[in-house]
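Text of entry-v5.cif, listed as mmCIF, C-alpha atoms:
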data_coords
#
loop_
_atom_site.label_atom_id
_atom_site.label_comp_id
_atom_site.auth_asym_id
_atom_site.auth_seq_id
_atom_site.Cartn_x
_atom_site.Cartn_y
_atom_site.Cartn_z
CA MET A 1 -10.26 -17.09 20.88
CA ASN A 2 -10.35 -17.04 17.07
CA PHE A 3 -8.48 -14.09 15.53
CA GLU A 4 -8.96 -15.25 11.94
CA LEU A 5 -10.82 -12.89 9.61
CA THR A 6 -14.27 -13.85 8.45
CA GLU A 7 -14.58 -14.90 4.82
CA GLU A 8 -16.09 -11.53 3.86
CA ARG A 9 -13.35 -9.54 5.60
CA GLN A 10 -10.66 -11.75 4.09
CA MET A 11 -12.08 -11.09 0.63
CA LEU A 12 -12.18 -7.36 1.33
CA GLN A 13 -8.58 -7.40 2.52
CA ASP A 14 -7.33 -9.42 -0.46
CA THR A 15 -9.20 -7.24 -2.96
CA LEU A 16 -8.04 -3.96 -1.47
CA ARG A 17 -4.43 -5.11 -1.06
CA ARG A 18 -4.28 -6.32 -4.66
CA TYR A 19 -5.79 -3.11 -5.99
CA LEU A 20 -3.46 -0.84 -4.03
CA ARG A 21 -0.39 -2.91 -4.91
CA GLU A 22 -1.16 -2.52 -8.60
CA LYS A 23 -2.51 1.03 -8.69
CA TYR A 24 -1.07 2.97 -5.75
CA THR A 25 2.62 3.15 -6.62
CA THR A 26 5.13 5.61 -5.18
CA ALA A 27 5.05 7.57 -8.44
CA VAL A 28 1.24 7.82 -8.35
CA ARG A 29 1.32 8.99 -4.75
CA ASN A 30 4.01 11.59 -5.45
CA ASP A 31 1.85 13.00 -8.25
CA ILE A 32 -1.07 13.27 -5.83
CA LEU A 33 1.13 14.92 -3.20
CA THR A 34 2.16 17.65 -5.64
CA SER A 35 -1.40 18.31 -6.83
CA ASP A 36 -3.59 21.10 -5.49
CA ALA A 37 -6.43 18.67 -4.74
CA GLY A 38 -4.50 16.48 -2.30
CA LEU A 39 -6.34 13.41 -3.54
CA SER A 40 -7.07 11.48 -6.72
CA ALA A 41 -10.69 11.57 -7.91
CA ASP A 42 -10.08 8.36 -9.88
CA ILE A 43 -8.68 6.51 -6.87
CA TRP A 44 -11.58 7.73 -4.71
CA SER A 45 -14.13 6.55 -7.25
CA GLU A 46 -12.47 3.16 -7.58
CA LEU A 47 -12.34 2.69 -3.80
CA ALA A 48 -16.09 3.29 -3.76
CA GLU A 49 -16.63 0.80 -6.61
CA LEU A 50 -14.60 -1.83 -4.72
CA GLY A 51 -16.93 -1.41 -1.73
CA VAL A 52 -14.21 -0.01 0.53
CA LEU A 53 -16.33 3.00 1.55
CA GLY A 54 -19.38 0.80 2.07
CA ALA A 55 -17.41 -1.39 4.48
CA LEU A 56 -17.27 1.56 6.91
CA PHE A 57 -21.06 1.56 7.42
CA THR A 58 -23.50 -0.93 8.93
CA GLU A 59 -26.23 -2.55 6.88
CA GLU A 60 -28.80 -0.28 8.53
CA MET A 61 -26.82 2.70 7.21
CA GLY A 62 -26.62 1.31 3.70
CA GLY A 63 -23.22 -0.37 3.95
CA PHE A 64 -22.13 -3.92 4.71
CA GLY A 65 -19.72 -3.67 7.64
CA GLY A 66 -19.14 -0.89 10.11
CA ALA A 67 -17.80 -2.98 13.01
CA GLY A 68 -14.41 -2.48 14.60
CA PHE A 69 -12.78 -5.30 12.66
CA ASP A 70 -14.17 -4.00 9.36
CA LEU A 71 -12.52 -0.64 10.05
CA ALA A 72 -9.27 -2.34 11.08
CA VAL A 73 -9.11 -4.37 7.85
CA VAL A 74 -9.71 -1.37 5.59
CA PHE A 75 -7.39 1.07 7.31
CA GLU A 76 -4.56 -1.38 7.81
CA GLU A 77 -4.43 -1.85 4.04
CA LEU A 78 -4.69 1.90 3.42
CA GLY A 79 -1.83 2.43 5.83
CA ARG A 80 0.23 -0.36 4.30
CA ALA A 81 0.03 1.38 0.89
CA GLY A 82 0.46 4.91 2.27
CA VAL A 83 -2.86 6.12 0.84
CA VAL A 84 -3.30 9.88 1.28
CA GLU A 85 -6.98 10.08 0.28
CA PRO A 86 -9.12 11.32 3.24
CA VAL A 87 -11.05 8.09 3.82
CA LEU A 88 -10.90 8.51 7.58
CA ASP A 89 -12.11 12.11 7.74
CA SER A 90 -14.49 12.29 4.81
CA ALA A 91 -16.05 8.83 4.61
CA LEU A 92 -15.68 7.40 8.12
CA MET A 93 -16.10 10.34 10.50
CA GLY A 94 -18.18 12.57 8.25
CA GLY A 95 -20.31 9.75 6.87
CA ARG A 96 -21.01 8.16 10.23
CA LEU A 97 -22.01 11.52 11.71
CA LEU A 98 -24.48 12.03 8.86
CA ALA A 99 -25.80 8.52 9.45
CA SER A 100 -26.34 9.36 13.13
CA ALA A 101 -28.22 12.48 12.02
CA GLY A 102 -30.53 10.42 9.82
CA LYS A 103 -29.19 11.86 6.54
CA SER A 104 -29.53 8.55 4.68
CA ASP A 105 -29.63 10.16 1.24
CA MET A 106 -26.30 11.89 1.84
CA VAL A 107 -24.80 8.72 3.31
CA GLU A 108 -25.67 6.92 0.08
CA GLU A 109 -23.71 9.57 -1.82
CA VAL A 110 -20.75 9.13 0.52
CA ILE A 111 -20.75 5.35 -0.02
CA ALA A 112 -21.02 5.89 -3.78
CA GLY A 113 -18.00 8.20 -3.66
CA SER A 114 -19.88 11.22 -5.01
CA LEU A 115 -19.96 13.30 -1.80
CA HIS A 116 -16.96 14.60 0.14
CA LEU A 117 -17.14 15.78 3.74
CA ALA A 118 -14.93 17.52 6.27
CA VAL A 119 -15.31 17.54 10.05
CA ALA A 120 -14.44 20.99 11.43
CA HIS A 121 -14.04 20.72 15.18
CA GLY A 122 -10.53 21.66 16.31
CA GLU A 123 -9.82 25.32 17.01
CA PRO A 124 -6.65 27.37 17.57
CA GLY A 125 -5.25 26.60 21.01
CA GLY A 126 -7.55 23.65 21.53
CA ARG A 127 -4.90 20.93 21.36
CA TYR A 128 -6.81 17.67 22.09
CA ASP A 129 -9.51 19.17 24.33
CA MET A 130 -12.83 18.34 22.65
CA ASP A 131 -14.66 20.85 24.89
CA HIS A 132 -12.54 23.69 23.51
CA VAL A 133 -15.16 25.21 21.20
CA HIS A 134 -15.56 28.99 20.87
CA THR A 135 -17.39 28.98 17.52
CA LYS A 136 -20.94 30.17 18.15
CA ALA A 137 -24.29 29.34 16.59
CA ASP A 138 -26.53 32.38 16.55
CA GLY A 139 -29.90 32.45 14.81
CA GLY A 140 -29.09 29.99 12.05
CA VAL A 141 -25.57 31.26 11.33
CA LEU A 142 -22.09 30.34 12.60
CA ILE A 143 -19.34 32.68 13.76
CA GLY A 144 -15.82 31.46 14.54
CA ARG A 145 -12.66 29.73 13.37
CA LYS A 146 -11.59 26.12 12.89
CA ALA A 147 -8.02 24.86 12.55
CA VAL A 148 -6.42 22.02 10.57
CA VAL A 149 -9.66 20.84 8.99
CA MET A 150 -8.80 17.78 6.92
CA ASN A 151 -10.17 17.73 3.37
CA ALA A 152 -11.73 21.18 3.85
CA GLU A 153 -11.04 22.37 0.30
CA ALA A 154 -12.43 19.28 -1.46
CA ALA A 155 -15.47 18.87 0.81
CA ASP A 156 -18.96 19.45 -0.54
CA HIS A 157 -20.19 20.00 3.01
CA LEU A 158 -18.51 20.72 6.33
CA ILE A 159 -19.78 19.33 9.63
CA VAL A 160 -19.01 22.11 12.11
CA SER A 161 -19.13 22.07 15.90
CA ALA A 162 -20.38 25.21 17.63
CA ARG A 163 -21.79 26.35 20.94
CA ASP A 164 -25.49 26.99 21.21
CA GLY A 165 -25.59 28.52 24.65
CA ASP A 166 -23.58 26.20 26.90
CA ALA A 167 -24.10 23.08 24.77
CA ILE A 168 -21.96 21.97 21.83
CA ALA A 169 -23.93 20.94 18.74
CA LEU A 170 -23.07 20.01 15.15
CA TYR A 171 -24.14 21.85 12.02
CA LEU A 172 -23.98 21.22 8.28
CA VAL A 173 -22.43 23.93 6.09
CA ALA A 174 -22.37 23.87 2.27
CA LYS A 175 -19.05 24.59 0.57
CA ASP A 176 -20.49 27.62 -1.23
CA ALA A 177 -22.16 29.09 1.87
CA LYS A 178 -21.88 32.83 2.39
CA GLY A 179 -19.20 33.90 4.85
CA LEU A 180 -17.24 30.62 4.59
CA ASP A 181 -13.52 31.07 3.91
CA ILE A 182 -11.00 28.22 3.61
CA GLN A 183 -7.24 28.71 3.46
CA GLY A 184 -5.77 25.38 2.38
CA TYR A 185 -2.27 23.92 2.66
CA PRO A 186 -0.50 20.56 2.20
CA LEU A 187 0.23 18.31 5.18
CA LEU A 188 3.54 16.69 6.01
CA ALA A 189 2.07 13.18 5.86
CA GLY A 190 0.13 13.83 2.65
CA GLY A 191 -3.30 15.19 1.87
CA ARG A 192 -4.48 18.73 2.53
CA ALA A 193 -6.12 20.63 5.36
CA GLY A 194 -7.43 24.14 5.78
CA GLU A 195 -7.99 26.96 8.23
CA VAL A 196 -11.72 27.71 8.19
CA THR A 197 -13.32 31.04 9.03
CA LEU A 198 -17.09 31.32 9.54
CA ASP A 199 -18.48 34.85 9.33
CA LYS A 200 -22.24 34.67 9.88
CA THR A 201 -22.28 31.54 7.73
CA PRO A 202 -25.70 29.91 7.17
CA CYS A 203 -25.96 26.39 8.55
CA GLU A 204 -28.33 23.49 9.04
CA PRO A 205 -28.65 21.94 12.54
CA LEU A 206 -27.91 18.20 12.56
CA ASN A 207 -29.46 17.43 15.94
CA LEU A 208 -26.12 15.98 17.04
CA SER A 209 -24.14 16.77 20.20
CA LEU A 210 -20.58 16.48 21.45
CA THR A 211 -21.40 12.91 22.49
CA ASP A 212 -22.00 11.98 18.85
CA LEU A 213 -18.69 13.58 17.85
CA GLN A 214 -16.91 11.64 20.60
CA ALA A 215 -18.44 8.41 19.26
CA ALA A 216 -17.14 9.24 15.78
CA THR A 217 -13.73 9.96 17.29
CA SER A 218 -13.73 6.50 18.87
CA LEU A 219 -14.16 5.04 15.37
CA ALA A 220 -11.32 7.25 14.19
CA LEU A 221 -9.02 5.98 16.96
CA VAL A 222 -9.44 2.39 15.75
CA ALA A 223 -8.93 3.54 12.16
CA ILE A 224 -5.80 5.63 12.76
CA SER A 225 -4.27 2.87 14.91
CA ALA A 226 -4.90 0.26 12.20
CA GLU A 227 -3.56 2.65 9.56
CA ALA A 228 -0.36 3.17 11.58
CA LEU A 229 -0.04 -0.60 12.00
CA GLY A 230 -0.22 -1.10 8.24
CA ALA A 231 2.39 1.61 7.70
CA MET A 232 4.66 0.00 10.31
CA GLU A 233 4.35 -3.32 8.53
CA SER A 234 5.45 -1.68 5.27
CA ALA A 235 8.37 0.09 6.95
CA THR A 236 9.52 -3.14 8.60
CA HIS A 237 9.18 -5.10 5.35
CA LEU A 238 11.15 -2.49 3.40
CA THR A 239 13.87 -2.49 6.06
CA LYS A 240 14.14 -6.27 6.14
CA ASP A 241 14.45 -6.41 2.35
CA TYR A 242 17.08 -3.67 2.37
CA LEU A 243 19.16 -5.41 5.04
CA MET A 244 19.21 -8.62 3.00
CA THR A 245 20.03 -6.77 -0.26
CA ARG A 246 22.65 -4.22 0.81
CA THR A 247 26.05 -5.87 1.06
CA GLN A 248 29.17 -4.93 2.98
CA PHE A 249 32.38 -6.94 3.41
CA GLY A 250 31.03 -9.48 0.96
CA ARG A 251 27.73 -10.33 2.65
CA PRO A 252 24.29 -8.81 3.36
CA ILE A 253 24.37 -6.35 6.23
CA GLY A 254 21.30 -8.06 7.69
CA THR A 255 23.49 -11.01 8.64
CA PHE A 256 25.49 -8.86 11.06
CA GLN A 257 24.43 -9.61 14.61
CA THR A 258 23.74 -6.04 15.74
CA LEU A 259 21.40 -5.28 12.84
CA ALA A 260 19.75 -8.71 13.08
CA HIS A 261 18.94 -8.05 16.74
CA ARG A 262 17.51 -4.63 15.97
CA MET A 263 15.34 -6.14 13.25
CA ALA A 264 14.14 -8.85 15.64
CA ASP A 265 13.16 -6.18 18.17
CA LEU A 266 11.08 -4.40 15.53
CA LEU A 267 9.25 -7.59 14.61
CA ILE A 268 8.41 -8.26 18.27
CA GLU A 269 7.12 -4.70 18.75
CA LEU A 270 5.08 -5.02 15.56
CA GLU A 271 3.27 -8.06 16.96
CA GLN A 272 2.45 -6.09 20.12
CA ALA A 273 1.02 -3.32 17.96
CA ARG A 274 -1.13 -5.82 16.06
CA SER A 275 -2.47 -7.27 19.31
CA ALA A 276 -3.35 -3.76 20.50
CA VAL A 277 -5.30 -2.98 17.31
CA ILE A 278 -7.19 -6.29 17.60
CA ASN A 279 -8.02 -5.41 21.20
CA ALA A 280 -9.27 -1.94 20.27
CA ALA A 281 -11.39 -3.26 17.41
CA GLY A 282 -12.91 -5.93 19.64
CA TYR A 283 -13.80 -3.50 22.43
CA LEU A 284 -15.12 -0.68 20.21
CA GLU A 285 -18.74 -1.27 21.24
CA ALA A 286 -17.98 -2.14 24.88
CA SER A 287 -18.89 0.04 27.86
CA ASP A 288 -15.20 0.51 28.71
CA ALA A 289 -14.14 1.15 25.10
CA ASP A 290 -12.40 4.45 25.94
CA LEU A 291 -9.96 2.67 28.25
CA HIS A 292 -8.91 0.18 25.57
CA LEU A 293 -8.77 2.82 22.84
CA SER A 294 -6.43 5.03 24.86
CA ALA A 295 -4.22 2.06 25.73
CA THR A 296 -4.00 1.17 22.04
CA LYS A 297 -3.32 4.71 20.83
CA ASN A 298 -0.56 5.17 23.40
CA LEU A 299 1.12 1.89 22.45
CA ILE A 300 0.79 2.52 18.71
CA GLY A 301 2.37 5.96 19.12
CA ARG A 302 5.36 4.61 21.06
CA ILE A 303 5.97 1.63 18.79
CA GLY A 304 5.38 3.73 15.69
CA ARG A 305 8.11 6.19 16.58
CA LEU A 306 10.50 3.31 17.27
CA VAL A 307 9.73 1.64 13.94
CA ALA A 308 10.07 4.89 11.98
CA GLU A 309 13.37 5.86 13.60
CA GLU A 310 14.93 2.41 13.42
CA SER A 311 13.85 1.90 9.81
CA ILE A 312 15.40 5.19 8.73
CA GLN A 313 18.62 4.56 10.67
CA MET A 314 19.11 1.06 9.25
CA HIS A 315 18.46 2.30 5.72
CA GLY A 316 20.81 5.26 5.87
CA GLY A 317 20.49 8.24 3.53
CA ILE A 318 18.24 6.56 0.96
CA ALA A 319 15.40 6.53 3.49
CA MET A 320 15.13 10.32 3.31
CA THR A 321 14.58 10.57 -0.45
CA GLN A 322 11.10 11.35 -1.78
CA GLU A 323 11.43 8.73 -4.52
CA TYR A 324 11.84 5.94 -1.97
CA GLU A 325 8.72 4.44 -0.38
CA LEU A 326 9.98 4.58 3.20
CA ALA A 327 10.27 8.38 3.23
CA HIS A 328 6.51 8.81 2.97
CA ILE A 329 5.64 5.81 5.15
CA ALA A 330 7.84 7.01 8.03
CA LYS A 331 6.23 10.46 7.96
CA ARG A 332 2.76 8.94 8.14
CA ILE A 333 3.72 6.74 11.09
CA VAL A 334 5.10 9.65 13.09
CA MET A 335 2.26 12.04 12.25
CA ALA A 336 -0.40 9.43 13.09
CA ASP A 337 0.61 9.84 16.73
CA HIS A 338 -0.52 13.46 16.68
CA ARG A 339 -4.05 12.80 15.46
CA PHE A 340 -6.86 12.41 18.02
CA GLY A 341 -4.42 12.62 20.92
CA ASP A 342 -0.73 11.72 21.15
CA THR A 343 1.02 9.21 23.43
CA ASP A 344 1.17 11.57 26.43
CA TYR A 345 -2.48 12.57 26.11
CA HIS A 346 -3.70 8.99 25.94
CA LEU A 347 -1.45 7.85 28.77
CA GLU A 348 -2.99 10.50 31.01
CA ARG A 349 -6.46 9.59 29.75
CA PHE A 350 -5.84 5.89 30.42
CA ILE A 351 -4.68 6.64 33.97
CA ALA A 352 -7.72 8.81 34.63
CA LEU A 353 -10.13 6.19 33.23
CA SER A 354 -8.45 3.42 35.22
CA ALA A 355 -8.85 5.38 38.44
CA ALA A 356 -12.49 6.25 37.79
#
Whole structure, structure tokens version:
Amino acid sequence: MNFELTEERQMLQDTLRRYLREKYTTAVRNDILTSDAGLSADIWSELAELGVLGALFTEEMGGFGGAGFDLAVVFEELGRAGVVEPVLDSALMGGRLLASAGKSDMVEEVIAGSLHLAVAHGEPGGRYDMDHVHTKADGGVLIGRKAVVMNAEAADHLIVSARDGDAIALYLVAKDAKGLDIQGYPLLAGGRAGEVTLDKTPCEPLNLSLTDLQAATSLALVAISAEALGAMESATHLTKDYLMTRTQFGRPIGTFQTLAHRMADLLIELEQARSAVINAAGYLEASDADLHLSATKNLIGRIGRLVAEESIQMHGGIAMTQEYELAHIAKRIVMADHRFGDTDYHLERFIALSAA
């Protein structure tokens, strides 16, 4: 089986990696983290110009990619550089939901980088249960609350899940809609989210159901796993460099057997994580995709925690400073496990799917 990237994907990877290496420095990211926006408008625009956002959509949707391996290439590089811009939530999930709803004009704006979206589904107490929706649609308005809505403040439109009778449907809400209140806050791993209150807020039905949202979440599982893989690669690379630079007793500490063995273990685990992401990307369109996605998310979560903890321990105190790259990367690795279901959730889901 050939695991080599196609020529187009290799070009995309090389272009994006070069751009982020030159433009997305630790200092630039720290400036973004301390801003009220939680993202850089210039970076977002340049990602669109490079075709990164277009790679998340199929040709029929107006893009030039959209397959599992396209998502894996893009998000691995974003994770490697520790990018905090909401590409996953705004462009991938939001954009693909609009594409499913036939909103081609809005999708074009997303690909061009001129339209921001937020997907408001999770609610207080919902944990990872996608059926936990108490927000109600009543006569063209929405009433309810949504929790930890990524990119809520910067979004031009929110895609909101609500119950219409017993069924869960999706609705489009403009950022200036009456009765819409957003209380924003920064996130530990970068970016911003918000608590959203809908008080008889006007909305537009999208003719999408919970099934469509689950399909978008499947895309997000590949993306977040690839992003965590890229972050793990950066953490491992930083640790390896540190071990061969830091000296003690007249030689690099990486030459000491105990640390060398720990580093070797990380490299082995990293290869397992890469294989899992390849597997998830390859099975994204398969009938048993959910089984492979849960297996991948569980493995990525377990390996990610190991990589983050080991990298910090082998670095010592410097790993906890904001000015050092690893501090941010380690946070992103750990927090990636808590998005779209953590290790325990996906282990239980995998067991249930295997028994079905």
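Counting all atoms listed in the file and comparing A:Leu71, A:Ile32, A:Ala37, A:Ile300, the residue that lies closest to A:Asp344 is A:Ile300.
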Residues matched by the PyMOL selection byres ((chain A and resi 195) around 9), written as a VMD selection string: chain A and resid 145 to 149 152 181 to 185 193 to 194 196 to 197
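Among the candidate residues A:Leu306, A:Met11, A:Val160, A:Cys203, the one lying nearest to A:Leu267 is A:Leu306, with distances computed using all atoms listed in the file.
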Resolved residues for the PyMOL selection byres ((chain A and resi 39) around 10) as a PyMOL selection string: chain A and resi 29+31-38+40-44+83-86+151+154+190-192
Write a file of the just-selected residues containing C-alpha atoms, as an mmCIF file, keeping the file's coordinate frame.
data_model
loop_
_atom_site.group_PDB
_atom_site.id
_atom_site.type_symbol
_atom_site.label_atom_id
_atom_site.label_comp_id
_atom_site.auth_asym_id
_atom_site.auth_seq_id
_atom_site.Cartn_x
_atom_site.Cartn_y
_atom_site.Cartn_z
ATOM 1 C CA ARG A 29 1.320 8.990 -4.750
ATOM 2 C CA ASP A 31 1.850 13.000 -8.250
ATOM 3 C CA ILE A 32 -1.070 13.270 -5.830
ATOM 4 C CA LEU A 33 1.130 14.920 -3.200
ATOM 5 C CA THR A 34 2.160 17.650 -5.640
ATOM 6 C CA SER A 35 -1.400 18.310 -6.830
ATOM 7 C CA ASP A 36 -3.590 21.100 -5.490
ATOM 8 C CA ALA A 37 -6.430 18.670 -4.740
ATOM 9 C CA GLY A 38 -4.500 16.480 -2.300
ATOM 10 C CA SER A 40 -7.070 11.480 -6.720
ATOM 11 C CA ALA A 41 -10.690 11.570 -7.910
ATOM 12 C CA ASP A 42 -10.080 8.360 -9.880
ATOM 13 C CA ILE A 43 -8.680 6.510 -6.870
ATOM 14 C CA TRP A 44 -11.580 7.730 -4.710
ATOM 15 C CA VAL A 83 -2.860 6.120 0.840
ATOM 16 C CA VAL A 84 -3.300 9.880 1.280
ATOM 17 C CA GLU A 85 -6.980 10.080 0.280
ATOM 18 C CA PRO A 86 -9.120 11.320 3.240
ATOM 19 C CA ASN A 151 -10.170 17.730 3.370
ATOM 20 C CA ALA A 154 -12.430 19.280 -1.460
ATOM 21 C CA GLY A 190 0.130 13.830 2.650
ATOM 22 C CA GLY A 191 -3.300 15.190 1.870
ATOM 23 C CA ARG A 192 -4.480 18.730 2.530
#
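Atom CA of A:Tyr283 lies 11.9 Å from atom CA of A:Leu221.
With all atoms listed in the file as the basis for measurement, A:Leu56 is the residue among A:Leu56, A:Glu309, A:Ile318, A:Leu78 that approaches A:Gly95 most closely.
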